[in-house]
Structures are given as structure tokens and as C-alpha cells.
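Have a look at the structure below, then the notes.
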Amino acid sequence: MYDTVFKAATTVVEGRVVVRDVGVRRGVIEKIGAITDAAAALEVPCEGRLLMPGAIDLHAHLREPGGTRKEDIASGTAAAVSAGITTLLEMPNTNPPTITRAALAEKVAIAKRTGHCNIRFFMALTARNLDELEQAMDDPGFAGIKVYLGSTTGSILLTEFDPLTRALDRIPALFAFHAELESVLLDHRDRVPDPQAGDHHRLRPPEAVVEGTRLVLGHAATRGRRLHICHLSAAGELARLADATTGSRVTCEVTPHHLWFTHKDTAVKGNRLKVNPPVQGPEDRKALREALKNGLIQAVATDHAPHTVQEKDRPYAKAPSGVPGLDVMAPCVLRLVQSGEIPLPRAFQVLCENPASIAGLSTKGRVEEGRDADLALWDLDATWTVQGKDLGSRCGWSPFEGETLAARPLGVWVGGERRV
Ligand code: NCD
Ligand code: ZN
């Protein structure tokens with residue numbers, strides 16, 4: 001007897017699109033194949049519908065503690081689930097920042113009380129917290145180590161590289177890099193007189209991430225470590241990754257906003273597209289989409305970074321960087337499937353399989369017997385024109401308003417339990 005049987009669902013098994021029954025028991029996918037009608041407590045008819053693993057977001061800022069007017073763990077995880085994401089890796093630039101075991105424990109406790117999906121927490125590397133990081137590593141709530149090579153919203157900038165080298169030698173965890181390099185940012189800070197939102201990409205030029213990527217590739221090579229670069233934004237970064245002999249040791253992610261927009265959109269949308277790293281030119285967007293298709297980029301991640309409308313309505317120089325993304329991540333990728341830009345199995349890879357393996361979540365990310373029943377049911381024929389009122393994030397706005405994406409999921413299950 002299964003708790004739930006998904007009947008005749010379209011899904012992807014071992015890279016191929018197939019139609020199967022999927023039987024779930026005690027939170028785990030127990031059988032994929034033909035399942036007789038009497039064998040389920042609950043049957044979900046799935047003819048013509050897509051059953052995908054819950055997406056795994058490697059990069060979300062949920063603002064708790066310290067910024068809960070923008071988002072909190074309850075509202076962020078609820079927004080995630082309603083958009084087909086069932087696991088989140090949360091970022092450490094909260095207030096206080098997640099740089100101690102105590103701060104990690106506080107977040108884990110809040111998530112246990114209020115969270116709606118699976119969540120783990122990055123800690124940030126500072127010049128002084130190596131021991132804390134080393135001891136936090138075995139905590140089941142620990143996701144990895146975030147390294148800020150350049151300053152950004154509420155950031156914990158790493159100002160010296162010596163602690164990084166020591167951390168890489170000592171701690172066998174996932175290292176994720178914000179790769180904009182501070183020296184390049186400082187060099188360009190005053191280059192535009194009276195800058196506006198449409199100039200954001202000039203103050204933080206592609207060179208910043210190209211140089212940061214070079215530094216990360218160097219560490220991957222000399223330390224023999226697998227490293228991860230966050231939110232790719234520039235064709236130049238991709239060229240560096242493609243050239244690197246150590247390429248296979250570095251994974252990377254791209255956000256929905258970098259796949260969709262360019263600085264021409266920032267000139268129109270203003271601070272609502274002010275984000276670090278900035279969206280760059282049309283040729284960068286084209287290269288990012290191509291790399292998503294051909295595998296040079298392994299994962300899509302949100303960099304969900306909500307701010308209030310009031311904060312975004314300030315003048316350019318005073319408005320914080322960051323855009324929300326949980327509501328749109330999977331609908332963006334499935335829109336690319338609808339328009340024929342990427343094949344369906346590739347969507348499964350970049351939203352589910354690859355993030356699971358980058359994050360070391362061996363029980364997640366695939367429709368496979370024995371894996372967790374974190375699942376989302378989609379109507380791949382349906383579309384959604386994004387409107388503020390539909391959004392789950394507490395911030396209540398999105399740079400995607402007015403864009404047409406794939407419709408959001410019809411049902412979502414976390415550990416076999418229906419949440420949407
Ligand atoms: C992020 C934020 O607001 O927390 N902002 C952003 O522009 N992406 C910080 C970050 O990830 O850089
Ligand atoms: Zn971020």
C-alpha cells in the first residue's frame with residue numbers, strides 16, 4: 001500500500017522523458033512503474049502533467065533574523081514551495097550574520113518552528129572564524145561556506161586572502177563565491193558622475209567577476225578543491241571557465257534575472273533591477289543561455305534578495321541591490337522548455353539533479369526509487385503573466401512583472417506531504 005500514487009505522470013528517468021506511475025510511501029519514492037489501482041490510499045491523476053522533483057535553490061536570502069520586513073523563513077519557504085522549490089540553501093548576510101555556530105543554531109531553530117520546506121544555511125568566511133566553521137561543518141543545518149570577494153548588500157567582505165587559503169586547506173565543505181572582486185569595484189566606483197540605475201553595470205563592470213573567477217579557478221587548481229561560483233553574469237566569466245584546465249573542478253549557477261534581462265532593462269525598470277552582480281549586455285545574456293544549454297553552467301539558482309518597495313524607491317545611490325526570485329525560478333526555466341530553447345531533461349538537471357549533487361544532497365533531486373518524495377506537478381502547456389498580486393514573497397514585487405513564464409505548479413509535496 002502506498003500513501004500516494006501519481007498515475008501516468010510524464011517525468012524524466014535516467015535522462016529520458018517517460019510516462020510512469022510513481023508510488024510514494026513514508027516520504028520516499030518507493031516504486032516507479034505500473035502500479036495497480038487498489039494499491040494507494042490517495043491517487044493523483046497525472047495524465048498529460050509533468051511530475052518533477054522539487055527544485056533545489058542553492059542561493060536564497062531569507063532575511064531572518066534582522067530583516068523580516070523584507071522576508072522571513074516562514075514567508076520565504078512558503079513562497080518557495082508555491083513555486084515548486086522544496087529545498088533552499090540560505091545565505092549568511094543576515095543581521096547578525098551567520099558567522100558563528102550560535103547564529104547557525106538560531107536559524108536552524110527558527111526553521112524547525114516556522115519553515116515550510118527543507119532548508120540549510122551557509123555560513124560566511126571571515127578573517128577570524130575558521131574554528132567556528134570547522135566545528136559547524138557536521139551540523140545537519142550547515143550548507144557550506146560563502147565567500148564574498150567584493151562588497152554587496154549587508155555583506156561580510158573578505159578583506160584578506162590568507163584566511164581563504166587556510167579554510168580551503170582545512171575544511172572539506174562546499175565553498176560558494178560571490179566573485180565580484182573588490183579591487184575592481186573600488187577602481188570603478190567613481191567613474192560615472194551622478195550615476196543612475198542604468199549605470200549600475202558600469203560601476204560594477206564584467207571585469208570584476210572575470211578577475212574573481214580567475215582567482216577561484218586558481219584556488220581550485222592549486223588546492224585541488226571543487227569550488228562553486230554564484231550568479232554568473234558575464235560572457236567573459238564563461239570564457240575563463242571554458243578555457244580552464246581545472247574547469248571540471250568549478251561548478252557555477254545562473255539566476256533567472258541574468259537569463260532574462262540586460263542593462264537596457266535596468267535603464268527602464270530602475271532600482272528594481274539594481275542587483276549585484278549587475279545584469280550586463282545582450283551578448284552576456286546570450287552567452288549565459290547558451291552555457292545553460294550546453295552544460296558549462298550546471299545550475300539555476302535564485303539569488304532571491306528581497307527588499308521593500310520603499311527601499312527600492314530611494315534614489316539610485318541609496319537603494320539596496322537585490323531582486324526577489326523564488327516565485328519565478330522554475331517557471332523561467334520551464335518557459336525556456338516551452339519555447340524550445342532547452343530540452344525537458346536539461347530542466348530537470350539544472351533545477352534539481354545538479355543542485356542536489358553540488359549541495360551534497362544525495363537523497364534529493366531525482367524521480368528515482370529510494371529518493372525523497374519532494375515533488376511538484378506542473379501543467380507544461382499553461383503560462384503565467386507575472387503579476388505582483390500572485391507573488392508569495394513578502395516584498396510583493398518582482399522585476400518579472402508583465403513577463404510571460406510557465407504557470408506555477410498545480411501541486412507540491414515535501415517529504416510526501418502535500419503543501420500546495
Ligand atoms: C544580495 C542581498 O540583497 O542580500 N544582493 C544582491 O544584489 N544580490 C547580496 C548578494 O548576494 O550580493
Ligand atoms: Zn546573493
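The chains in the C-alpha cells are called A, B, ... from first to last as shown; in each chain the residues are counted from 1, and the ligands are counted from 1 in the order shown.
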Around ligand 2, which protein and nucleic acid residues have at least one atom no more than 8 Å from it, if we count only C-alpha atoms and all ligand atoms? List them as a VMD selection string.
chain A and resid 59 to 61 91 178 230 to 231 276 303 to 305 322
For the selection you just gave me, I'd like the residues written to a file as a short mmCIF file (atom, residue, chain, number, x, y, z; two decimals), in the first residue's frame, keeping all heavy atoms.
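Once written, part38.cif looks like this:
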data_model
loop_
_atom_site.label_atom_id
_atom_site.label_comp_id
_atom_site.auth_asym_id
_atom_site.auth_seq_id
_atom_site.Cartn_x
_atom_site.Cartn_y
_atom_site.Cartn_z
N HIS A 59 20.75 29.28 -3.52
CA HIS A 59 21.14 30.65 -3.16
C HIS A 59 19.93 31.54 -2.85
O HIS A 59 19.38 32.16 -3.75
CB HIS A 59 21.92 31.23 -4.36
CG HIS A 59 22.61 32.52 -4.08
ND1 HIS A 59 23.77 32.87 -4.71
CD2 HIS A 59 22.31 33.57 -3.27
CE1 HIS A 59 24.17 34.05 -4.30
NE2 HIS A 59 23.28 34.52 -3.42
N ALA A 60 19.52 31.60 -1.59
CA ALA A 60 18.39 32.47 -1.23
C ALA A 60 18.72 33.26 0.04
O ALA A 60 19.33 32.73 0.98
CB ALA A 60 17.14 31.63 -1.01
N HIS A 61 18.30 34.53 0.06
CA HIS A 61 18.46 35.38 1.23
C HIS A 61 17.09 35.55 1.87
O HIS A 61 16.23 36.22 1.30
CB HIS A 61 18.99 36.76 0.83
CG HIS A 61 20.29 36.74 0.08
ND1 HIS A 61 21.50 36.96 0.70
CD2 HIS A 61 20.58 36.53 -1.22
CE1 HIS A 61 22.48 36.90 -0.20
NE2 HIS A 61 21.94 36.63 -1.38
N MET A 91 21.47 32.18 2.66
CA MET A 91 22.73 32.93 2.69
C MET A 91 22.98 33.64 4.02
O MET A 91 22.03 33.99 4.72
CB MET A 91 22.74 33.92 1.52
CG MET A 91 22.99 33.24 0.19
SD MET A 91 24.68 32.57 0.18
CE MET A 91 24.59 31.45 -1.22
N HIS A 178 30.88 34.74 -4.06
CA HIS A 178 30.42 35.96 -4.74
C HIS A 178 31.68 36.53 -5.38
O HIS A 178 32.56 37.02 -4.69
CB HIS A 178 29.80 36.94 -3.73
CG HIS A 178 29.24 38.17 -4.38
ND1 HIS A 178 27.90 38.46 -4.37
CD2 HIS A 178 29.83 39.16 -5.09
CE1 HIS A 178 27.68 39.59 -5.04
NE2 HIS A 178 28.85 40.04 -5.48
N CYS A 230 28.89 31.70 -7.66
CA CYS A 230 27.48 32.11 -7.64
C CYS A 230 27.18 33.02 -8.84
O CYS A 230 28.07 33.64 -9.42
CB CYS A 230 27.18 32.88 -6.36
SG CYS A 230 27.43 31.90 -4.87
N HIS A 231 25.91 33.10 -9.15
CA HIS A 231 25.32 34.06 -10.10
C HIS A 231 26.24 34.57 -11.21
O HIS A 231 26.64 35.73 -11.22
CB HIS A 231 24.69 35.25 -9.37
CG HIS A 231 25.42 35.76 -8.16
ND1 HIS A 231 26.76 36.07 -8.14
CD2 HIS A 231 24.97 35.99 -6.91
CE1 HIS A 231 27.08 36.50 -6.92
NE2 HIS A 231 26.01 36.45 -6.17
N ASN A 276 23.49 42.87 -7.64
CA ASN A 276 24.91 42.52 -7.73
C ASN A 276 25.09 41.03 -7.91
O ASN A 276 24.53 40.27 -7.14
CB ASN A 276 25.64 42.95 -6.46
CG ASN A 276 25.48 44.43 -6.19
OD1 ASN A 276 25.28 45.22 -7.11
ND2 ASN A 276 25.56 44.81 -4.93
N ASP A 303 19.33 33.57 -6.19
CA ASP A 303 19.85 34.77 -5.51
C ASP A 303 18.66 35.64 -5.05
O ASP A 303 18.67 36.86 -5.21
CB ASP A 303 20.83 35.57 -6.37
CG ASP A 303 21.54 36.66 -5.54
OD1 ASP A 303 21.45 36.61 -4.30
OD2 ASP A 303 22.17 37.55 -6.15
N HIS A 304 17.64 34.96 -4.53
CA HIS A 304 16.46 35.67 -4.02
C HIS A 304 16.90 36.67 -2.96
O HIS A 304 17.36 36.28 -1.89
CB HIS A 304 15.50 34.64 -3.41
CG HIS A 304 14.27 35.21 -2.78
ND1 HIS A 304 13.21 35.67 -3.51
CD2 HIS A 304 13.93 35.42 -1.47
CE1 HIS A 304 12.25 36.11 -2.70
NE2 HIS A 304 12.67 35.97 -1.45
N ALA A 305 16.79 37.96 -3.28
CA ALA A 305 17.30 39.01 -2.38
C ALA A 305 16.27 40.13 -2.28
O ALA A 305 16.41 41.20 -2.86
CB ALA A 305 18.64 39.54 -2.91
N GLY A 322 19.59 43.97 -5.11
CA GLY A 322 18.99 42.66 -4.87
C GLY A 322 17.59 42.59 -5.41
O GLY A 322 16.84 43.58 -5.34
#
Residues within 10 Å of Ile342 in chain A, please, as a ChimeraX atom specification. Count only C-alpha atoms; anything in the same chain fewer than 2 positions from it doesn't count.
/A:289-290,292-294,333-340,344-347
For ligand 1, which residue among A:Met1, A:Ala74, A:Val12, A:Leu149 is the nearest when counting only C-alpha atoms and all ligand atoms?
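Of A:Met1, A:Ala74, A:Val12, A:Leu149, the one nearest ligand 1 is A:Leu149, counting only C-alpha atoms and all ligand atoms.
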Within 10 Å of ligand 1, which residues of chain A show up? Give each one with its shortest atom-to-atom distance in Å (one decimal) and the two atoms involved, counting only C-alpha atoms and all ligand atoms, rows by chain then rising residue number, as JSON lines.
{"residue": "A:His59", "atom": "CA", "partner": "ligand 1", "partner_atom_place_in_ligand_line": "11 (O)", "distance": 8.2}
{"residue": "A:Ala60", "atom": "CA", "partner": "ligand 1", "partner_atom_place_in_ligand_line": "11 (O)", "distance": 8.3}
{"residue": "A:His61", "atom": "CA", "partner": "ligand 1", "partner_atom_place_in_ligand_line": "4 (O)", "distance": 5.8}
{"residue": "A:Leu62", "atom": "CA", "partner": "ligand 1", "partner_atom_place_in_ligand_line": "4 (O)", "distance": 8.6}
{"residue": "A:Arg63", "atom": "CA", "partner": "ligand 1", "partner_atom_place_in_ligand_line": "4 (O)", "distance": 7.9}
{"residue": "A:Met91", "atom": "CA", "partner": "ligand 1", "partner_atom_place_in_ligand_line": "11 (O)", "distance": 7.8}
{"residue": "A:Pro92", "atom": "CA", "partner": "ligand 1", "partner_atom_place_in_ligand_line": "4 (O)", "distance": 8.7}
{"residue": "A:Asn93", "atom": "CA", "partner": "ligand 1", "partner_atom_place_in_ligand_line": "4 (O)", "distance": 6.2}
{"residue": "A:Thr94", "atom": "CA", "partner": "ligand 1", "partner_atom_place_in_ligand_line": "4 (O)", "distance": 7.9}
{"residue": "A:Lys146", "atom": "CA", "partner": "ligand 1", "partner_atom_place_in_ligand_line": "11 (O)", "distance": 9.9}
{"residue": "A:Tyr148", "atom": "CA", "partner": "ligand 1", "partner_atom_place_in_ligand_line": "12 (O)", "distance": 8.2}
{"residue": "A:Gly150", "atom": "CA", "partner": "ligand 1", "partner_atom_place_in_ligand_line": "12 (O)", "distance": 8.6}
{"residue": "A:Ser151", "atom": "CA", "partner": "ligand 1", "partner_atom_place_in_ligand_line": "12 (O)", "distance": 7.6}
{"residue": "A:Thr152", "atom": "CA", "partner": "ligand 1", "partner_atom_place_in_ligand_line": "12 (O)", "distance": 4.8}
{"residue": "A:Thr153", "atom": "CA", "partner": "ligand 1", "partner_atom_place_in_ligand_line": "9 (C)", "distance": 4.6}
{"residue": "A:Gly154", "atom": "CA", "partner": "ligand 1", "partner_atom_place_in_ligand_line": "4 (O)", "distance": 6.3}
{"residue": "A:Ser155", "atom": "CA", "partner": "ligand 1", "partner_atom_place_in_ligand_line": "9 (C)", "distance": 6.6}
{"residue": "A:Ile156", "atom": "CA", "partner": "ligand 1", "partner_atom_place_in_ligand_line": "9 (C)", "distance": 9.8}
{"residue": "A:Phe177", "atom": "CA", "partner": "ligand 1", "partner_atom_place_in_ligand_line": "11 (O)", "distance": 9.7}
{"residue": "A:His178", "atom": "CA", "partner": "ligand 1", "partner_atom_place_in_ligand_line": "12 (O)", "distance": 6.8}
{"residue": "A:Ala179", "atom": "CA", "partner": "ligand 1", "partner_atom_place_in_ligand_line": "12 (O)", "distance": 9.5}
{"residue": "A:Glu180", "atom": "CA", "partner": "ligand 1", "partner_atom_place_in_ligand_line": "12 (O)", "distance": 9.1}
{"residue": "A:Cys230", "atom": "CA", "partner": "ligand 1", "partner_atom_place_in_ligand_line": "11 (O)", "distance": 8.5}
{"residue": "A:His231", "atom": "CA", "partner": "ligand 1", "partner_atom_place_in_ligand_line": "11 (O)", "distance": 8.4}
{"residue": "A:Thr255", "atom": "CA", "partner": "ligand 1", "partner_atom_place_in_ligand_line": "8 (N)", "distance": 10.0}
{"residue": "A:Leu273", "atom": "CA", "partner": "ligand 1", "partner_atom_place_in_ligand_line": "7 (O)", "distance": 9.0}
{"residue": "A:Lys274", "atom": "CA", "partner": "ligand 1", "partner_atom_place_in_ligand_line": "7 (O)", "distance": 6.9}
{"residue": "A:Val275", "atom": "CA", "partner": "ligand 1", "partner_atom_place_in_ligand_line": "7 (O)", "distance": 3.7}
{"residue": "A:Asn276", "atom": "CA", "partner": "ligand 1", "partner_atom_place_in_ligand_line": "7 (O)", "distance": 3.7}
{"residue": "A:Pro277", "atom": "CA", "partner": "ligand 1", "partner_atom_place_in_ligand_line": "7 (O)", "distance": 6.4}
{"residue": "A:Pro278", "atom": "CA", "partner": "ligand 1", "partner_atom_place_in_ligand_line": "7 (O)", "distance": 7.7}
{"residue": "A:Thr302", "atom": "CA", "partner": "ligand 1", "partner_atom_place_in_ligand_line": "8 (N)", "distance": 9.4}
{"residue": "A:Asp303", "atom": "CA", "partner": "ligand 1", "partner_atom_place_in_ligand_line": "8 (N)", "distance": 5.9}
{"residue": "A:His304", "atom": "CA", "partner": "ligand 1", "partner_atom_place_in_ligand_line": "8 (N)", "distance": 7.5}
{"residue": "A:Ala305", "atom": "CA", "partner": "ligand 1", "partner_atom_place_in_ligand_line": "3 (O)", "distance": 4.5}
{"residue": "A:Pro306", "atom": "CA", "partner": "ligand 1", "partner_atom_place_in_ligand_line": "3 (O)", "distance": 6.5}
{"residue": "A:His307", "atom": "CA", "partner": "ligand 1", "partner_atom_place_in_ligand_line": "3 (O)", "distance": 7.1}
{"residue": "A:Pro320", "atom": "CA", "partner": "ligand 1", "partner_atom_place_in_ligand_line": "3 (O)", "distance": 6.7}
{"residue": "A:Ser321", "atom": "CA", "partner": "ligand 1", "partner_atom_place_in_ligand_line": "7 (O)", "distance": 3.9}
{"residue": "A:Gly322", "atom": "CA", "partner": "ligand 1", "partner_atom_place_in_ligand_line": "7 (O)", "distance": 3.3}
{"residue": "A:Val323", "atom": "CA", "partner": "ligand 1", "partner_atom_place_in_ligand_line": "7 (O)", "distance": 6.7}
{"residue": "A:Pro324", "atom": "CA", "partner": "ligand 1", "partner_atom_place_in_ligand_line": "3 (O)", "distance": 8.9}
With a cut-off of 10 Å, could you pull out the residues of range 98-127 of chain A touching range 166-176 of chain A and give me the nearest pair of atoms for each, distance in Å to one decimal, using only C-alpha atoms, ordered by chain and ascending number, as CSV?
residue,atom,partner,partner_atom,distance
A:Phe122,CA,A:Ala176,CA,8.8
A:Met123,CA,A:Phe175,CA,9.8
A:Ala124,CA,A:Ala176,CA,9.5
A:Leu125,CA,A:Ala167,CA,8.2
A:Thr126,CA,A:Ala167,CA,9.9
A:Ala127,CA,A:Ala167,CA,9.8
Which of these residues is nearest to Met137 in chain A, using only C-alpha atoms: A:Ile110, A:Leu377, A:Leu104, A:Leu186?
A:Leu104
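Checking A:Phe348, A:Tyr316, A:Tyr2, A:Phe261 one by one against Glu403 in chain A, counting only C-alpha atoms, you find the shortest gap at A:Phe261.
Compared by their closest atoms to Cys332 in chain A, and using only C-alpha atoms, the residues A:Trp413, A:Phe6, A:Phe121, A:Trp384 rank with A:Trp384 nearest.
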Under the rule that only C-alpha atoms are counted, which of A:Gly84, A:Pro206, A:Gly396, A:Gly15 is the nearest residue to Gln310 in chain A?
A:Gly396
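Relative to CA of Ala103 in chain A, CA of Cys352 in chain A is found at 28.2 Å.
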Residues within 6 Å of Ile119 in chain A, please, as an NGL selection string. Count only C-alpha atoms; anything in the same chain fewer than 4 positions from it doesn't count.
:A and (87-89)
Just write the chosen residues, N, CA and C atoms, as a CSV table (one decimal), in the first residue's frame.
chain,number,residue,atom,x,y,z
A,87,THR,N,13.7,22.7,-1.6
A,87,THR,CA,14.9,22.8,-0.7
A,87,THR,C,15.6,24.1,-1.0
A,88,LEU,N,16.0,24.7,0.0
A,88,LEU,CA,16.7,26.0,-0.1
A,88,LEU,C,18.1,26.0,0.6
A,89,LEU,N,19.1,26.6,0.0
A,89,LEU,CA,20.3,26.9,0.8
A,89,LEU,C,20.3,28.4,1.0
Using only C-alpha atoms, determine which residues lie at most 9 Å from Asp327 in chain A, disregarding the query and same-chain residues fewer than 2 positions distant; provide the list as a ChimeraX atom specification.
/A:79-85,324-325,329-331,390-393,398,408
